Every structure is written in structure tokens, then in C-alpha cells.
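Student: One structure is given below, represented as C-alpha cells, and several questions about it will come after.
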Amino acid sequence: MVNAVPAPTPSAPPLMPAGAGLPAGVPLQPDGLVLEHEPVTGSAVASGTPATGLCELGRFGGLELGVWEMTEGGMYDTEAEEVFLVLSGSATVEFLDEDGTVTSVHDLVPHTLMRFAAGTPTRWTVTSPLRKVYLALPA
């Protein structure tokens with residue numbers, strides 16, 4: 001008779017409070033993070049009443065690692081050198097010339113991987129709260 005070893009019971013990874021960092025060997029569910037949102041203000045608002053939330057998870061290989069979210073609405077931004085993966089939500093991001101002319105338009109949906117070059121002007125239009133995990137060069 002073979003002695004059967006019971007399979008380990010999978011457990012849900014713990015939810016970590018925003019800003020807690022990402023220690024080695026500890027799983028994190030980025031969709032479960034509760035982010036405090038701040039309204040987008042002034043000339044950065046393109047449409048509606050968007051707000052953004054951020055959870056900085058520390059550094060990885062000298063890069064900033066974090067989770068960012070934007071609610072419905074539109075905003076203008078000047079991007080950092082960044083790579084990100086959309087976790088949830090949907091949006092359109094327009095790349096702009098210095099004069100505001102749209103040079104390209106891209107839809108963002110879950111599992112979209114994208115890179116921004118530092119200094120790129122963009123206009124975001126979020127139709128469903130968009131959450132992404134990112135790696136960026138420090139500002």
C-alpha cells in the first residue's frame with residue numbers, strides 16, 4: 001500500500017494594505033488593494049471628474065514598482081519611462097504632439113502590455129475604472 005500524502009490546501013494570498021511594499025516570497029493580489037483616490041484637478045482634466053489612486057510597492061532592480069488606478073473620465077498626462085500591464089478596466093490612450101495633435105490612439109483592456117517613453121504627452125479616456133501594475137524609472 002502506498003502512503004498518500006495529502007495535497008496542500010491552497011490558501012488565498014493575503015491582502016496587503018496600500019503602501020506596505022512587496023516583500024520577497026509573499027504573494028500579492030493587486031486587484032485586492034484598496035487605493036485612496038485623489039481627484040484630477042485643473043488643466044489635467046480632459047473630461048468628467050476623474051480621480052487616480054496609487055500604491056507604491058517599492059523598488060525592483062532600481063525601478064519603481066506599483067499599482068495605479070484611474071476612475072472614469074479623461075485626463076492629460078506627461079508620461080514617465082514606464083512599462084505597465086493593465087489588470088482591469090478599459091480606456092483609450094491618445095499620444096499627442098506638443099501642439100496637442102493626436103498622433104496615435106490605443107485601446108487598453110485587461111492583459112494589455114505597453115511601454116511609455118519619458119516625456120510623452122498623452123490623453124487618457126477611461127470608460128471603466130482602469131487598474132495597472134507598472135515598472136518605471138525613478139523621476
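Within each chain, counting starts at residue 1; across the C-alpha cells, chains are named A, B, ... in the order shown, with ligands numbered 1 upward in that order.
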Neighbours of A:Gly89 within 9 Å (only C-alpha atoms; same-chain residues fewer than 6 positions away dropped), as an MDAnalysis selection string?
Tutor: chainID A and resid 108:110 126:132
Student: Identify, on the basis of only C-alpha atoms, every residue whose closest approach to stretch 39-50 of chain A does not exceed 6 Å; exclude the query and any residue fewer than 3 positions from it along the same chain; express the result as number ranges by chain.
Tutor: A: 71-76
Student: With N, CA and C atoms kept, could you save the residues just selected as a PDB file, in the first residue's frame?
Tutor:
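The result, written out as out_12.pdb:
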ATOM      1  N   THR A  71     -10.291  56.371 -12.322  1.00  0.00           N
ATOM      2  CA  THR A  71     -11.737  56.207 -12.466  1.00  0.00           C
ATOM      3  C   THR A  71     -12.177  56.772 -13.818  1.00  0.00           C
ATOM      4  N   GLU A  72     -13.471  56.647 -14.109  1.00  0.00           N
ATOM      5  CA  GLU A  72     -14.000  57.123 -15.382  1.00  0.00           C
ATOM      6  C   GLU A  72     -13.753  58.616 -15.549  1.00  0.00           C
ATOM      7  N   GLY A  73     -13.490  58.984 -16.794  1.00  0.00           N
ATOM      8  CA  GLY A  73     -13.253  60.377 -17.141  1.00  0.00           C
ATOM      9  C   GLY A  73     -12.014  60.484 -18.003  1.00  0.00           C
ATOM     10  N   GLY A  74     -11.610  61.713 -18.261  1.00  0.00           N
ATOM     11  CA  GLY A  74     -10.448  61.939 -19.102  1.00  0.00           C
ATOM     12  C   GLY A  74      -9.437  62.832 -18.423  1.00  0.00           C
ATOM     13  N   MET A  75      -8.159  62.576 -18.699  1.00  0.00           N
ATOM     14  CA  MET A  75      -7.096  63.423 -18.158  1.00  0.00           C
ATOM     15  C   MET A  75      -5.917  63.485 -19.112  1.00  0.00           C
ATOM     16  N   TYR A  76      -5.178  64.589 -19.017  1.00  0.00           N
ATOM     17  CA  TYR A  76      -3.931  64.763 -19.741  1.00  0.00           C
ATOM     18  C   TYR A  76      -2.790  64.379 -18.807  1.00  0.00           C
TER      19      TYR A  76
END
Student: Could you give me the residues within chain A that DSSP places in helix (DSSP H, G or I), as number ranges by chain?
Tutor: A: 30-32, 42-44
Student: List every residue of chain A that DSSP, applied to the backbone of this structure, assigns to strand (DSSP E or B), and report them as a ChimeraX atom specification.
Tutor: /A:37-39,45-47,51-60,63-70,73-78,82-96,102-108,113-116,121-136
Student: Would you give me, as CSV, each residue of stretch 48-69 of chain A having an atom within 8 Å of an atom of stretch 29-36 of chain A, along with its shortest atom pair and that distance in Å to one decimal, using only C-alpha atoms and sorting by chain and residue number?
Tutor:
residue,atom,partner,partner_atom,distance
A:Gly53,CA,A:Leu35,CA,5.3
A:Leu54,CA,A:Leu35,CA,6.1
A:Cys55,CA,A:Leu35,CA,6.5
A:Val67,CA,A:Pro30,CA,6.9
A:Glu69,CA,A:Leu35,CA,7.8
Student: Do a neighbour search on stretch 94-107 of chain A at 6 Å with only C-alpha atoms, toss out local chain neighbours closer than 5 positions, and write the hits as a list of chain:residue names.
Tutor: A:Pro121, A:Thr122, A:Arg123
Student: In Å, with one decimal, what is the gap from atom CA of A:Val26 to atom CA of A:Phe60?
Tutor: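 Between atom CA of A:Val26 and atom CA of A:Phe60 the gap is 14.5 Å.
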Student: So which residues touch A:Ala136 within 8 Å, counting only C-alpha atoms, skipping near sequence neighbours fewer than 6 positions away, as a list in words?
Tutor: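 Near A:Ala136, the qualifying residues are Leu63, Glu64, Leu65, Ala80, Glu81, Glu82 and Val83 of chain A.
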Student: Which neighbours of A:His111 fall inside 7 Å, counting only C-alpha atoms, when residues of the same chain fewer than 5 positions from it are skipped, and could you give them as number ranges by chain?
Tutor: A: 85-87
Student: How would the residues just picked look written out with N, CA, C and O atoms as an mmCIF file, in the first residue's frame?
Tutor:
data_model
loop_
_atom_site.group_PDB
_atom_site.id
_atom_site.type_symbol
_atom_site.label_atom_id
_atom_site.label_comp_id
_atom_site.auth_asym_id
_atom_site.auth_seq_id
_atom_site.Cartn_x
_atom_site.Cartn_y
_atom_site.Cartn_z
ATOM 1 N N LEU A 85 1.189 46.755 -17.259
ATOM 2 C CA LEU A 85 0.242 45.723 -17.665
ATOM 3 C C LEU A 85 -1.114 46.081 -17.081
ATOM 4 O O LEU A 85 -1.240 46.272 -15.859
ATOM 5 N N VAL A 86 -2.121 46.200 -17.939
ATOM 6 C CA VAL A 86 -3.476 46.504 -17.477
ATOM 7 C C VAL A 86 -4.056 45.259 -16.812
ATOM 8 O O VAL A 86 -4.049 44.178 -17.396
ATOM 9 N N LEU A 87 -4.545 45.436 -15.597
ATOM 10 C CA LEU A 87 -5.155 44.342 -14.848
ATOM 11 C C LEU A 87 -6.661 44.283 -15.057
ATOM 12 O O LEU A 87 -7.242 43.211 -15.181
#
Student: What is the distance, in Å and to one decimal place, between atom CA of A:Leu135 and atom CA of A:Ala91?
Tutor: 19.3 Å
Student: Report, in Å to a single decimal, how far apart atom CA of A:Ala51 and atom CA of A:Phe116 are.
Tutor: 20.7 Å
